[in-house]
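One file, work.pdb, carrying PDB, C-alpha atoms and all ligand atoms:
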```
ATOM      1  CA  MET A  66     -37.309 -49.427  15.146
ATOM      2  CA  SER A  67     -40.068 -51.677  13.849
ATOM      3  CA  GLU A  68     -38.857 -52.289  10.317
ATOM      4  CA  GLU A  69     -42.177 -53.744   9.096
ATOM      5  CA  LYS A  70     -43.881 -50.383   9.619
ATOM      6  CA  LEU A  71     -41.291 -48.420   7.659
ATOM      7  CA  LEU A  72     -41.925 -47.089   4.190
ATOM      8  CA  ASN A  73     -38.241 -47.069   3.426
ATOM      9  CA  GLY A  74     -37.874 -44.419   0.739
ATOM     10  CA  LYS A  75     -34.087 -44.385   0.851
ATOM     11  CA  ARG A  76     -33.783 -48.121   0.182
ATOM     12  CA  PHE A  77     -36.362 -47.984  -2.627
ATOM     13  CA  ALA A  78     -34.677 -44.926  -4.182
ATOM     14  CA  ASP A  79     -31.268 -46.658  -4.084
ATOM     15  CA  HIS A  80     -32.784 -49.628  -5.916
ATOM     16  CA  LEU A  81     -34.469 -47.406  -8.543
ATOM     17  CA  ASN A  82     -31.303 -45.373  -9.035
ATOM     18  CA  LEU A  83     -29.279 -48.500  -9.685
ATOM     19  CA  LYS A  84     -31.766 -49.661 -12.337
ATOM     20  CA  LEU A  85     -31.786 -46.195 -13.915
ATOM     21  CA  LYS A  86     -27.992 -46.120 -13.999
ATOM     22  CA  GLU A  87     -28.004 -49.381 -15.981
ATOM     23  CA  LYS A  88     -30.469 -47.907 -18.494
ATOM     24  CA  ILE A  89     -28.400 -44.750 -18.895
ATOM     25  CA  THR A  90     -25.235 -46.833 -19.368
ATOM     26  CA  ASP A  91     -26.996 -48.903 -22.063
ATOM     27  CA  ALA A  92     -28.211 -45.744 -23.808
ATOM     28  CA  TYR A  93     -24.677 -44.353 -23.749
ATOM     29  CA  LYS A  94     -23.314 -47.557 -25.283
ATOM     30  CA  LYS A  95     -25.906 -47.313 -28.088
ATOM     31  CA  MET A  96     -25.762 -43.584 -28.810
ATOM     32  CA  GLY A  97     -22.657 -42.139 -27.175
ATOM     33  CA  LYS A  98     -24.860 -39.612 -25.407
ATOM     34  CA  ARG A  99     -25.879 -39.017 -21.832
ATOM     35  CA  PRO A 100     -28.867 -37.068 -20.511
ATOM     36  CA  ARG A 101     -28.065 -33.571 -19.265
ATOM     37  CA  LEU A 102     -29.942 -31.616 -16.615
ATOM     38  CA  ALA A 103     -29.405 -27.859 -16.287
ATOM     39  CA  ALA A 104     -30.247 -26.193 -12.974
ATOM     40  CA  LEU A 105     -30.734 -22.432 -12.822
ATOM     41  CA  LEU A 106     -29.938 -21.147  -9.353
ATOM     42  CA  VAL A 107     -30.285 -17.436  -8.647
ATOM     43  CA  GLY A 108     -28.172 -16.158  -5.758
ATOM     44  CA  GLN A 109     -26.719 -18.111  -2.845
ATOM     45  CA  ASN A 110     -29.724 -19.164  -0.724
ATOM     46  CA  PRO A 111     -28.111 -21.823   1.540
ATOM     47  CA  ALA A 112     -31.120 -24.188   1.507
ATOM     48  CA  SER A 113     -31.408 -23.949  -2.283
ATOM     49  CA  MET A 114     -27.680 -24.556  -2.663
ATOM     50  CA  THR A 115     -27.952 -27.668  -0.487
ATOM     51  CA  TYR A 116     -30.874 -29.013  -2.567
ATOM     52  CA  VAL A 117     -29.049 -28.318  -5.836
ATOM     53  CA  ASN A 118     -25.904 -30.042  -4.538
ATOM     54  CA  ILE A 119     -27.903 -33.146  -3.606
ATOM     55  CA  LYS A 120     -29.491 -33.193  -7.073
ATOM     56  CA  GLN A 121     -26.095 -32.740  -8.736
ATOM     57  CA  LYS A 122     -24.496 -35.545  -6.741
ATOM     58  CA  THR A 123     -27.309 -38.015  -7.451
ATOM     59  CA  CYS A 124     -27.387 -37.128 -11.160
ATOM     60  CA  GLU A 125     -23.653 -37.616 -11.487
ATOM     61  CA  ASP A 126     -23.742 -40.920  -9.553
ATOM     62  CA  ILE A 127     -26.400 -42.190 -11.958
ATOM     63  CA  GLY A 128     -24.658 -40.963 -15.112
ATOM     64  CA  ILE A 129     -26.662 -37.806 -15.856
ATOM     65  CA  ASP A 130     -24.517 -34.796 -16.777
ATOM     66  CA  PHE A 131     -25.363 -31.800 -14.653
ATOM     67  CA  THR A 132     -24.880 -28.126 -15.500
ATOM     68  CA  LEU A 133     -25.237 -25.696 -12.638
ATOM     69  CA  ILE A 134     -25.929 -22.163 -13.831
ATOM     70  CA  ASN A 135     -25.458 -20.012 -10.756
ATOM     71  CA  LEU A 136     -26.768 -16.547 -11.573
ATOM     72  CA  ASP A 137     -26.136 -13.292  -9.781
ATOM     73  CA  GLN A 138     -28.499 -12.494  -6.901
ATOM     74  CA  ASN A 139     -29.351  -9.156  -8.564
ATOM     75  CA  ILE A 140     -30.127 -10.503 -12.028
ATOM     76  CA  THR A 141     -32.998  -8.652 -13.729
ATOM     77  CA  LYS A 142     -36.241 -10.188 -14.927
ATOM     78  CA  ASP A 143     -35.192  -9.852 -18.601
ATOM     79  CA  GLN A 144     -31.791 -11.368 -17.963
ATOM     80  CA  LEU A 145     -33.359 -14.405 -16.296
ATOM     81  CA  PHE A 146     -35.746 -14.851 -19.240
ATOM     82  CA  LYS A 147     -32.687 -14.817 -21.529
ATOM     83  CA  GLU A 148     -30.927 -17.429 -19.402
ATOM     84  CA  ILE A 149     -33.995 -19.668 -19.675
ATOM     85  CA  ASP A 150     -34.006 -19.116 -23.470
ATOM     86  CA  LYS A 151     -30.397 -20.279 -23.604
ATOM     87  CA  VAL A 152     -31.073 -23.643 -21.941
ATOM     88  CA  ASN A 153     -34.342 -24.069 -23.852
ATOM     89  CA  ASN A 154     -32.445 -23.656 -27.132
ATOM     90  CA  ASP A 155     -29.414 -25.724 -26.177
ATOM     91  CA  ASP A 156     -29.710 -29.159 -27.821
ATOM     92  CA  LYS A 157     -27.254 -30.617 -25.328
ATOM     93  CA  VAL A 158     -29.592 -29.790 -22.429
ATOM     94  CA  ASN A 159     -32.476 -32.243 -22.038
ATOM     95  CA  GLY A 160     -34.040 -31.162 -18.756
ATOM     96  CA  VAL A 161     -34.268 -27.772 -17.053
ATOM     97  CA  ILE A 162     -35.066 -26.824 -13.474
ATOM     98  CA  LEU A 163     -35.360 -23.398 -11.947
ATOM     99  CA  GLN A 164     -34.563 -23.643  -8.248
ATOM    100  CA  LEU A 165     -37.234 -21.875  -6.192
ATOM    101  CA  PRO A 166     -37.704 -19.678  -4.233
ATOM    102  CA  LEU A 167     -36.198 -16.826  -6.227
ATOM    103  CA  PRO A 168     -34.792 -13.692  -4.584
ATOM    104  CA  LYS A 169     -37.474 -11.253  -3.388
ATOM    105  CA  HIS A 170     -37.368  -8.876  -6.387
ATOM    106  CA  LEU A 171     -38.186 -11.779  -8.762
ATOM    107  CA  GLN A 172     -40.656 -13.778  -6.690
ATOM    108  CA  GLU A 173     -43.792 -12.190  -8.134
ATOM    109  CA  TYR A 174     -42.695 -13.433 -11.598
ATOM    110  CA  SER A 175     -41.976 -17.016 -10.519
ATOM    111  CA  LEU A 176     -44.898 -18.406 -12.502
ATOM    112  CA  GLU A 177     -43.904 -16.463 -15.613
ATOM    113  CA  PHE A 178     -40.400 -17.911 -15.422
ATOM    114  CA  VAL A 179     -41.706 -21.444 -14.961
ATOM    115  CA  GLU A 180     -44.024 -20.935 -17.955
ATOM    116  CA  HIS A 181     -41.028 -19.798 -19.983
ATOM    117  CA  ILE A 182     -39.268 -23.156 -19.568
ATOM    118  CA  SER A 183     -39.947 -25.425 -22.542
ATOM    119  CA  PRO A 184     -42.691 -27.874 -21.483
ATOM    120  CA  LEU A 185     -40.632 -30.608 -23.176
ATOM    121  CA  LYS A 186     -37.704 -29.896 -20.832
ATOM    122  CA  ASP A 187     -39.815 -29.189 -17.736
ATOM    123  CA  VAL A 188     -38.633 -32.063 -15.536
ATOM    124  CA  ASP A 189     -40.092 -30.405 -12.417
ATOM    125  CA  GLY A 190     -43.538 -30.726 -14.011
ATOM    126  CA  LEU A 191     -44.561 -27.192 -13.089
ATOM    127  CA  HIS A 192     -45.350 -25.799 -16.560
ATOM    128  CA  PRO A 193     -49.124 -25.222 -17.012
ATOM    129  CA  TYR A 194     -49.088 -27.505 -20.072
ATOM    130  CA  ASN A 195     -47.800 -30.385 -17.958
ATOM    131  CA  GLN A 196     -50.111 -29.493 -15.079
ATOM    132  CA  GLY A 197     -52.956 -29.733 -17.615
ATOM    133  CA  LYS A 198     -51.839 -33.208 -18.640
ATOM    134  CA  LEU A 199     -52.045 -34.288 -15.022
ATOM    135  CA  PHE A 200     -55.602 -32.940 -14.887
ATOM    136  CA  ASN A 201     -56.354 -35.670 -17.449
ATOM    137  CA  TYR A 202     -54.499 -38.264 -15.328
ATOM    138  CA  ASP A 203     -51.454 -38.235 -17.622
ATOM    139  CA  GLU A 204     -48.512 -38.486 -15.213
ATOM    140  CA  GLU A 205     -45.740 -38.329 -17.839
ATOM    141  CA  PHE A 206     -44.508 -34.955 -16.556
ATOM    142  CA  ALA A 207     -45.823 -35.086 -12.993
ATOM    143  CA  PRO A 208     -43.567 -33.435 -10.384
ATOM    144  CA  ALA A 209     -40.966 -35.652  -8.760
ATOM    145  CA  THR A 210     -42.167 -35.537  -5.140
ATOM    146  CA  PRO A 211     -45.739 -36.761  -5.812
ATOM    147  CA  LYS A 212     -44.409 -39.343  -8.278
ATOM    148  CA  GLY A 213     -42.051 -40.614  -5.599
ATOM    149  CA  ILE A 214     -44.820 -40.779  -2.986
ATOM    150  CA  ILE A 215     -47.160 -42.781  -5.220
ATOM    151  CA  ALA A 216     -44.351 -45.090  -6.376
ATOM    152  CA  LEU A 217     -43.344 -45.764  -2.769
ATOM    153  CA  LEU A 218     -46.919 -46.602  -1.706
ATOM    154  CA  GLU A 219     -47.329 -48.849  -4.759
ATOM    155  CA  HIS A 220     -44.005 -50.542  -4.009
ATOM    156  CA  TYR A 221     -45.423 -51.486  -0.590
ATOM    157  CA  ASN A 222     -48.683 -52.714  -2.213
ATOM    158  CA  ILE A 223     -50.818 -50.094  -0.491
ATOM    159  CA  ASN A 224     -54.403 -50.259  -1.689
ATOM    160  CA  PHE A 225     -55.735 -46.849  -2.817
ATOM    161  CA  LYS A 226     -59.273 -47.739  -3.895
ATOM    162  CA  GLY A 227     -61.956 -46.220  -1.668
ATOM    163  CA  LYS A 228     -59.396 -45.024   0.887
ATOM    164  CA  GLU A 229     -59.779 -41.699   2.675
ATOM    165  CA  VAL A 230     -56.703 -39.705   1.722
ATOM    166  CA  ILE A 231     -56.014 -36.501   3.609
ATOM    167  CA  ILE A 232     -53.362 -34.211   2.132
ATOM    168  CA  ILE A 233     -52.170 -31.319   4.274
ATOM    169  CA  ASN A 234     -50.634 -29.067   1.616
ATOM    170  CA  ARG A 235     -52.000 -27.333  -1.474
ATOM    171  CA  SER A 236     -48.787 -26.311  -3.249
ATOM    172  CA  ASN A 237     -48.190 -26.874  -6.974
ATOM    173  CA  LEU A 238     -45.237 -29.074  -6.111
ATOM    174  CA  VAL A 239     -46.876 -31.458  -3.641
ATOM    175  CA  GLY A 240     -50.567 -31.201  -2.745
ATOM    176  CA  LYS A 241     -52.242 -30.272  -6.036
ATOM    177  CA  PRO A 242     -50.571 -32.964  -8.199
ATOM    178  CA  LEU A 243     -51.357 -35.572  -5.543
ATOM    179  CA  ILE A 244     -55.080 -34.776  -5.810
ATOM    180  CA  PHE A 245     -55.149 -36.089  -9.385
ATOM    181  CA  MET A 246     -52.807 -38.973  -8.721
ATOM    182  CA  PHE A 247     -54.897 -40.327  -5.834
ATOM    183  CA  LEU A 248     -58.128 -39.587  -7.701
ATOM    184  CA  LYS A 249     -56.847 -41.639 -10.648
ATOM    185  CA  ARG A 250     -56.381 -44.520  -8.184
ATOM    186  CA  ASN A 251     -59.943 -44.202  -6.876
ATOM    187  CA  SER A 252     -59.231 -42.716  -3.459
ATOM    188  CA  THR A 253     -61.437 -40.093  -1.811
ATOM    189  CA  ILE A 254     -59.388 -36.964  -1.207
ATOM    190  CA  THR A 255     -59.531 -34.074   1.234
ATOM    191  CA  VAL A 256     -57.019 -31.245   0.975
ATOM    192  CA  CYS A 257     -56.247 -29.239   4.126
ATOM    193  CA  HIS A 258     -54.406 -25.921   4.477
ATOM    194  CA  THR A 259     -54.126 -22.962   6.850
ATOM    195  CA  SER A 260     -57.808 -21.991   6.454
ATOM    196  CA  THR A 261     -59.130 -25.482   7.148
ATOM    197  CA  VAL A 262     -61.490 -25.458  10.121
ATOM    198  CA  ASN A 263     -61.152 -28.288  12.668
ATOM    199  CA  ILE A 264     -58.259 -29.890  10.846
ATOM    200  CA  GLU A 265     -58.065 -32.557  13.598
ATOM    201  CA  ASN A 266     -61.395 -34.006  12.421
ATOM    202  CA  HIS A 267     -59.980 -34.495   8.937
ATOM    203  CA  ILE A 268     -56.672 -35.943  10.114
ATOM    204  CA  LYS A 269     -58.546 -38.448  12.300
ATOM    205  CA  ARG A 270     -60.389 -39.813   9.224
ATOM    206  CA  ALA A 271     -57.253 -40.482   7.196
ATOM    207  CA  ASP A 272     -56.494 -43.992   5.986
ATOM    208  CA  ILE A 273     -53.581 -42.384   4.143
ATOM    209  CA  LEU A 274     -52.238 -39.089   5.475
ATOM    210  CA  VAL A 275     -49.782 -36.984   3.477
ATOM    211  CA  VAL A 276     -48.335 -34.093   5.425
ATOM    212  CA  ALA A 277     -46.123 -31.365   3.896
ATOM    213  CA  VAL A 278     -46.458 -28.403   6.207
ATOM    214  CA  GLY A 279     -42.906 -27.663   7.337
ATOM    215  CA  ARG A 280     -43.555 -27.842  11.115
ATOM    216  CA  PRO A 281     -41.853 -30.381  13.394
ATOM    217  CA  LYS A 282     -44.256 -32.658  15.327
ATOM    218  CA  PHE A 283     -47.294 -31.254  13.509
ATOM    219  CA  ILE A 284     -48.678 -34.797  13.431
ATOM    220  CA  THR A 285     -48.782 -36.395  16.873
ATOM    221  CA  LYS A 286     -49.928 -39.838  17.981
ATOM    222  CA  ASP A 287     -53.229 -38.586  19.423
ATOM    223  CA  LYS A 288     -54.246 -36.951  16.123
ATOM    224  CA  ILE A 289     -54.109 -40.006  13.835
ATOM    225  CA  LYS A 290     -56.446 -42.933  13.274
ATOM    226  CA  LYS A 291     -55.126 -46.306  14.456
ATOM    227  CA  GLY A 292     -53.585 -48.129  11.503
ATOM    228  CA  ALA A 293     -53.188 -45.023   9.330
ATOM    229  CA  ILE A 294     -50.510 -44.892   6.634
ATOM    230  CA  ILE A 295     -48.474 -41.721   7.009
ATOM    231  CA  VAL A 296     -46.322 -40.022   4.407
ATOM    232  CA  ASP A 297     -44.134 -37.327   5.933
ATOM    233  CA  VAL A 298     -42.936 -34.881   3.276
ATOM    234  CA  GLY A 299     -41.891 -32.088   5.626
ATOM    235  CA  THR A 300     -38.263 -31.087   5.941
ATOM    236  CA  ASN A 301     -37.285 -29.219   9.086
ATOM    237  CA  ARG A 302     -34.121 -28.609  11.048
ATOM    238  CA  VAL A 303     -34.284 -28.781  14.839
ATOM    239  CA  ASP A 304     -31.085 -28.250  16.868
ATOM    240  CA  GLY A 305     -29.092 -28.867  13.701
ATOM    241  CA  LYS A 306     -30.831 -32.195  12.992
ATOM    242  CA  LEU A 307     -33.171 -32.882  10.081
ATOM    243  CA  CYS A 308     -36.711 -34.050  10.854
ATOM    244  CA  GLY A 309     -40.125 -34.183   9.226
ATOM    245  CA  ASP A 310     -43.593 -33.005  10.297
ATOM    246  CA  VAL A 311     -44.425 -36.202  12.178
ATOM    247  CA  ASP A 312     -43.648 -37.080  15.791
ATOM    248  CA  PHE A 313     -42.114 -40.215  14.363
ATOM    249  CA  ASP A 314     -41.321 -42.392  17.424
ATOM    250  CA  ARG A 315     -44.769 -41.949  19.028
ATOM    251  CA  VAL A 316     -46.739 -42.145  15.792
ATOM    252  CA  LEU A 317     -44.929 -45.384  14.932
ATOM    253  CA  GLU A 318     -46.739 -47.090  17.853
ATOM    254  CA  LYS A 319     -50.179 -46.359  16.386
ATOM    255  CA  CYS A 320     -49.876 -46.185  12.588
ATOM    256  CA  SER A 321     -49.584 -49.156  10.244
ATOM    257  CA  LYS A 322     -46.892 -47.597   8.039
ATOM    258  CA  VAL A 323     -44.876 -44.384   8.037
ATOM    259  CA  THR A 324     -42.057 -42.792   6.072
ATOM    260  CA  PRO A 325     -39.031 -41.745   8.116
ATOM    261  CA  SER A 326     -37.675 -38.247   7.603
ATOM    262  CA  PRO A 327     -34.909 -38.056   6.568
ATOM    263  CA  GLY A 328     -34.729 -41.265   4.520
ATOM    264  CA  GLY A 329     -38.305 -41.272   3.217
ATOM    265  CA  VAL A 330     -39.691 -38.969   0.538
ATOM    266  CA  GLY A 331     -36.525 -36.881  -0.013
ATOM    267  CA  PRO A 332     -34.384 -39.532  -1.783
ATOM    268  CA  LEU A 333     -37.366 -40.472  -3.976
ATOM    269  CA  THR A 334     -37.864 -36.856  -5.029
ATOM    270  CA  VAL A 335     -34.299 -36.708  -6.345
ATOM    271  CA  SER A 336     -34.617 -40.159  -7.917
ATOM    272  CA  PHE A 337     -37.771 -39.168  -9.820
ATOM    273  CA  LEU A 338     -36.161 -35.941 -10.982
ATOM    274  CA  CYS A 339     -33.490 -38.170 -12.538
ATOM    275  CA  HIS A 340     -36.171 -40.470 -14.003
ATOM    276  CA  ASN A 341     -37.959 -37.456 -15.512
ATOM    277  CA  THR A 342     -34.650 -36.280 -16.997
ATOM    278  CA  PHE A 343     -33.976 -39.670 -18.588
ATOM    279  CA  HIS A 344     -37.529 -39.700 -19.915
ATOM    280  CA  VAL A 345     -37.200 -36.337 -21.696
ATOM    281  CA  PHE A 346     -33.761 -37.361 -22.979
ATOM    282  CA  LYS A 347     -35.224 -40.514 -24.551
ATOM    283  CA  LYS A 348     -37.982 -38.474 -26.200
ATOM    284  CA  GLN A 349     -35.543 -35.900 -27.529
ATOM    285  CA  VAL A 350     -33.113 -38.452 -28.997
ATOM    286  CA  ASN A 351     -35.867 -40.843 -30.148
ATOM    287  CA  LEU A 352     -34.703 -43.684 -27.943
ATOM    288  CA  SER A 353     -37.398 -46.217 -27.175
TER     289      SER A 353
HETATM  290  N1  LIG B 401     -38.850 -34.244   0.991
HETATM  291  C1  LIG B 401     -39.026 -33.645  -0.179
HETATM  292  O1  LIG B 401     -38.594 -34.110  -1.220
HETATM  293  C2  LIG B 401     -39.803 -32.384  -0.230
HETATM  294  C3  LIG B 401     -40.280 -31.886  -1.447
HETATM  295  C4  LIG B 401     -41.069 -30.737  -1.431
HETATM  296  C5  LIG B 401     -41.339 -30.125  -0.216
HETATM  297  N2  LIG B 401     -40.813 -30.618   0.935
HETATM  298  C6  LIG B 401     -41.110 -30.008   2.238
HETATM  299  O2  LIG B 401     -42.520 -30.022   2.409
HETATM  300  C7  LIG B 401     -42.928 -28.866   3.125
HETATM  301  C8  LIG B 401     -43.901 -28.076   2.248
HETATM  302  O3  LIG B 401     -43.261 -27.679   1.049
HETATM  303  P1  LIG B 401     -43.989 -26.730  -0.019
HETATM  304  O4  LIG B 401     -42.944 -26.305  -0.994
HETATM  305  O5  LIG B 401     -45.184 -27.395  -0.543
HETATM  306  O6  LIG B 401     -44.333 -25.499   0.937
HETATM  307  P2  LIG B 401     -45.558 -24.490   0.944
HETATM  308  O7  LIG B 401     -45.844 -24.058  -0.445
HETATM  309  O8  LIG B 401     -45.206 -23.469   1.967
HETATM  310  O9  LIG B 401     -46.783 -25.364   1.462
HETATM  311  C9  LIG B 401     -47.048 -25.606   2.797
HETATM  312  C10 LIG B 401     -48.481 -26.025   2.897
HETATM  313  O10 LIG B 401     -48.777 -26.355   4.245
HETATM  314  C11 LIG B 401     -49.937 -25.644   4.637
HETATM  315  N3  LIG B 401     -49.836 -25.305   6.051
HETATM  316  C12 LIG B 401     -48.861 -24.620   6.673
HETATM  317  N4  LIG B 401     -49.124 -24.507   8.002
HETATM  318  C13 LIG B 401     -50.310 -25.152   8.210
HETATM  319  C14 LIG B 401     -51.111 -25.373   9.344
HETATM  320  N5  LIG B 401     -50.784 -24.908  10.538
HETATM  321  N6  LIG B 401     -52.263 -26.061   9.173
HETATM  322  C15 LIG B 401     -52.625 -26.538   7.969
HETATM  323  N7  LIG B 401     -51.899 -26.361   6.854
HETATM  324  C16 LIG B 401     -50.757 -25.663   6.967
HETATM  325  C17 LIG B 401     -49.966 -24.391   3.787
HETATM  326  O11 LIG B 401     -51.293 -23.873   3.717
HETATM  327  P3  LIG B 401     -51.639 -22.544   2.851
HETATM  328  O12 LIG B 401     -51.677 -22.994   1.421
HETATM  329  O13 LIG B 401     -52.940 -22.125   3.358
HETATM  330  O14 LIG B 401     -50.507 -21.575   3.134
HETATM  331  C18 LIG B 401     -49.453 -24.936   2.447
HETATM  332  O15 LIG B 401     -50.480 -25.496   1.681
HETATM  333  C19 LIG B 401     -41.629 -28.127   3.461
HETATM  334  O16 LIG B 401     -41.178 -28.557   4.727
HETATM  335  C20 LIG B 401     -40.679 -28.577   2.378
HETATM  336  O17 LIG B 401     -39.330 -28.480   2.786
HETATM  337  C21 LIG B 401     -40.059 -31.732   0.955
END
```

Take the structure from the file and write it as structure tokens.
Amino acid sequence: MSEEKLLNGKRFADHLNLKLKEKITDAYKKMGKRPRLAALLVGQNPASMTYVNIKQKTCEDIGIDFTLINLDQNITKDQLFKEIDKVNNDDKVNGVILQLPLPKHLQEYSLEFVEHISPLKDVDGLHPYNQGKLFNYDEEFAPATPKGIIALLEHYNINFKGKEVIIINRSNLVGKPLIFMFLKRNSTITVCHTSTVNIENHIKRADILVVAVGRPKFITKDKIKKGAIIVDVGTNRVDGKLCGDVDFDRVLEKCSKVTPSPGGVGPLTVSFLCHNTFHVFKKQVNLS
């Protein structure tokens, strides 16, 4: 594999996690307190359980206490609101995440639940207050995946100014936050989705292409511009193996840089969730 073309998210995340661990250890020495992240998980969705386990393991490795609140699959809307109240009002809990998607009977209220989380504990950056901050280019509470993507590109000294950025995704978690983050850095942005006409024409223009579609080999060598920088956010499982949205081996021949998947954006997402948790902890305990 040509190492110089890799945007090695795993290596960068390991480095960031080590630095964060040192800061958390120092804070503990000063105050005798550690940050705590509470994760609300409703039911036993296997994918959600895997994601929560990864978050728990990374938090604990770094020195962040982790509380998993696994709620019954059939919990009512009111009961879930009460569970959110509990973590909002618990001084020992600094950050709160609600693992999505929720079971079917609660899905239509997902936004209401997210809005119910205290914006000061909203380490997923999905509360409208924090989304509004991002609108004004304030990235303090930006979601972890976009933060990780931008940090990785900056780590590799990628120039954003005047670049054509094509984002294939318009979710609150990935595509929409990235619009403001690239705009802040003076890129020109196009957002594509399922209703985009002639998507190939857009992909072909991309200096920087971010793809988060959830389809293996959605991005093939013939579709990209020579020298493009590709960020593969997609997470898919094919024949039991994890892969992204990019036909990695073929695309590698034509692009200038690409994230592997796994080993690219995923580890940075978890790392920035931990960074967001330490950030809210510092604010809550007045640690500079
Ligand atoms: N590695 C990580 O840390 C990480 C973090 C977050 C997400 N992910 C992965 O990223 C992917 C997307 O996640 P998400 O939560 O944002 O999912 P999502 O809400 O379902 O978003 C998927 C997006 O892709 C668009 N899309 C789907 N098929 C398309 C097609 N054929 N042509 C053009 N656009 C298409 C959708 O368009 P519409 O809006 O029109 O439906 C939507 O905007 C998933 O594979 C997820 O597992 C990975």

> Neighbours of stretch 77-83 of chain A within 12 Å (all atoms listed in the file; same-chain residues fewer than 4 positions away dropped), as a ChimeraX atom specification?
Replying inline: /A:71-73,87-90,123-129,212-214,216-221,324,328-340,343

Counting all atoms listed in the file, what is within 7 Å of stretch 195-200 of chain A, bar same-chain residues fewer than 5 positions away, as a PDB file with C-alpha atoms, keeping the file's coordinate frame?
```pdb
ATOM      1  CA  PRO A 184     -42.691 -27.874 -21.483  1.00  0.00           C
ATOM      2  CA  GLY A 190     -43.538 -30.726 -14.011  1.00  0.00           C
ATOM      3  CA  PHE A 206     -44.508 -34.955 -16.556  1.00  0.00           C
ATOM      4  CA  ALA A 207     -45.823 -35.086 -12.993  1.00  0.00           C
ATOM      5  CA  PHE A 245     -55.149 -36.089  -9.385  1.00  0.00           C
TER       6      PHE A 245
END
```

> Applied to this file, what does the PyMOL selection byres (((not hetatm)) within 8 of (chain B and resi 401)) return in terms of residues, put as an MDAnalysis selection string?
Replying inline: chainID A and resid 210 233:240 257:261 264 276:280 283 297:301 309:310 326:327 329:335

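Between atom CA of A:Ala112 and atom CA of A:Ala209 the interatomic distance comes to 18.3 Å.
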
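Closest to A:Val256 among A:Ser321, A:Pro281, A:Val230, A:Pro100 is A:Val230, based on only C-alpha atoms.
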
> If you measure from atom CA of A:His170 to atom CA of A:Thr141, what distance in Å do you get, rounded to one decimal?
Replying inline: 8.5 Å

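Shortest separation to A:Pro325 among A:Asp91, A:Ile215, A:Asn341, A:Lys75 occurs at residue A:Lys75, atoms counted being all atoms listed in the file.
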
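Neighbourhood of point (-56.0, -39.3, 13.1): residues with an atom at most 8 Å away, counting all atoms listed in the file, are Glu265, Asn266, His267, Ile268, Lys269, Arg270, Ala271, Lys286, Asp287, Lys288, Ile289, Lys290, Lys291 and Ala293 of chain A.
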
Limited to C-alpha atoms, could you put the picked residues into a file as a PDB file, in the coordinates of the input?
```pdb
ATOM      1  CA  GLU A 265     -58.065 -32.557  13.598  1.00  0.00           C
ATOM      2  CA  ASN A 266     -61.395 -34.006  12.421  1.00  0.00           C
ATOM      3  CA  HIS A 267     -59.980 -34.495   8.937  1.00  0.00           C
ATOM      4  CA  ILE A 268     -56.672 -35.943  10.114  1.00  0.00           C
ATOM      5  CA  LYS A 269     -58.546 -38.448  12.300  1.00  0.00           C
ATOM      6  CA  ARG A 270     -60.389 -39.813   9.224  1.00  0.00           C
ATOM      7  CA  ALA A 271     -57.253 -40.482   7.196  1.00  0.00           C
ATOM      8  CA  LYS A 286     -49.928 -39.838  17.981  1.00  0.00           C
ATOM      9  CA  ASP A 287     -53.229 -38.586  19.423  1.00  0.00           C
ATOM     10  CA  LYS A 288     -54.246 -36.951  16.123  1.00  0.00           C
ATOM     11  CA  ILE A 289     -54.109 -40.006  13.835  1.00  0.00           C
ATOM     12  CA  LYS A 290     -56.446 -42.933  13.274  1.00  0.00           C
ATOM     13  CA  LYS A 291     -55.126 -46.306  14.456  1.00  0.00           C
ATOM     14  CA  ALA A 293     -53.188 -45.023   9.330  1.00  0.00           C
TER      15      ALA A 293
END
```

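Atom pair atom CA of A:Arg101 / atom CA of A:Tyr202 has a distance of 27.1 Å (rounded to one decimal).
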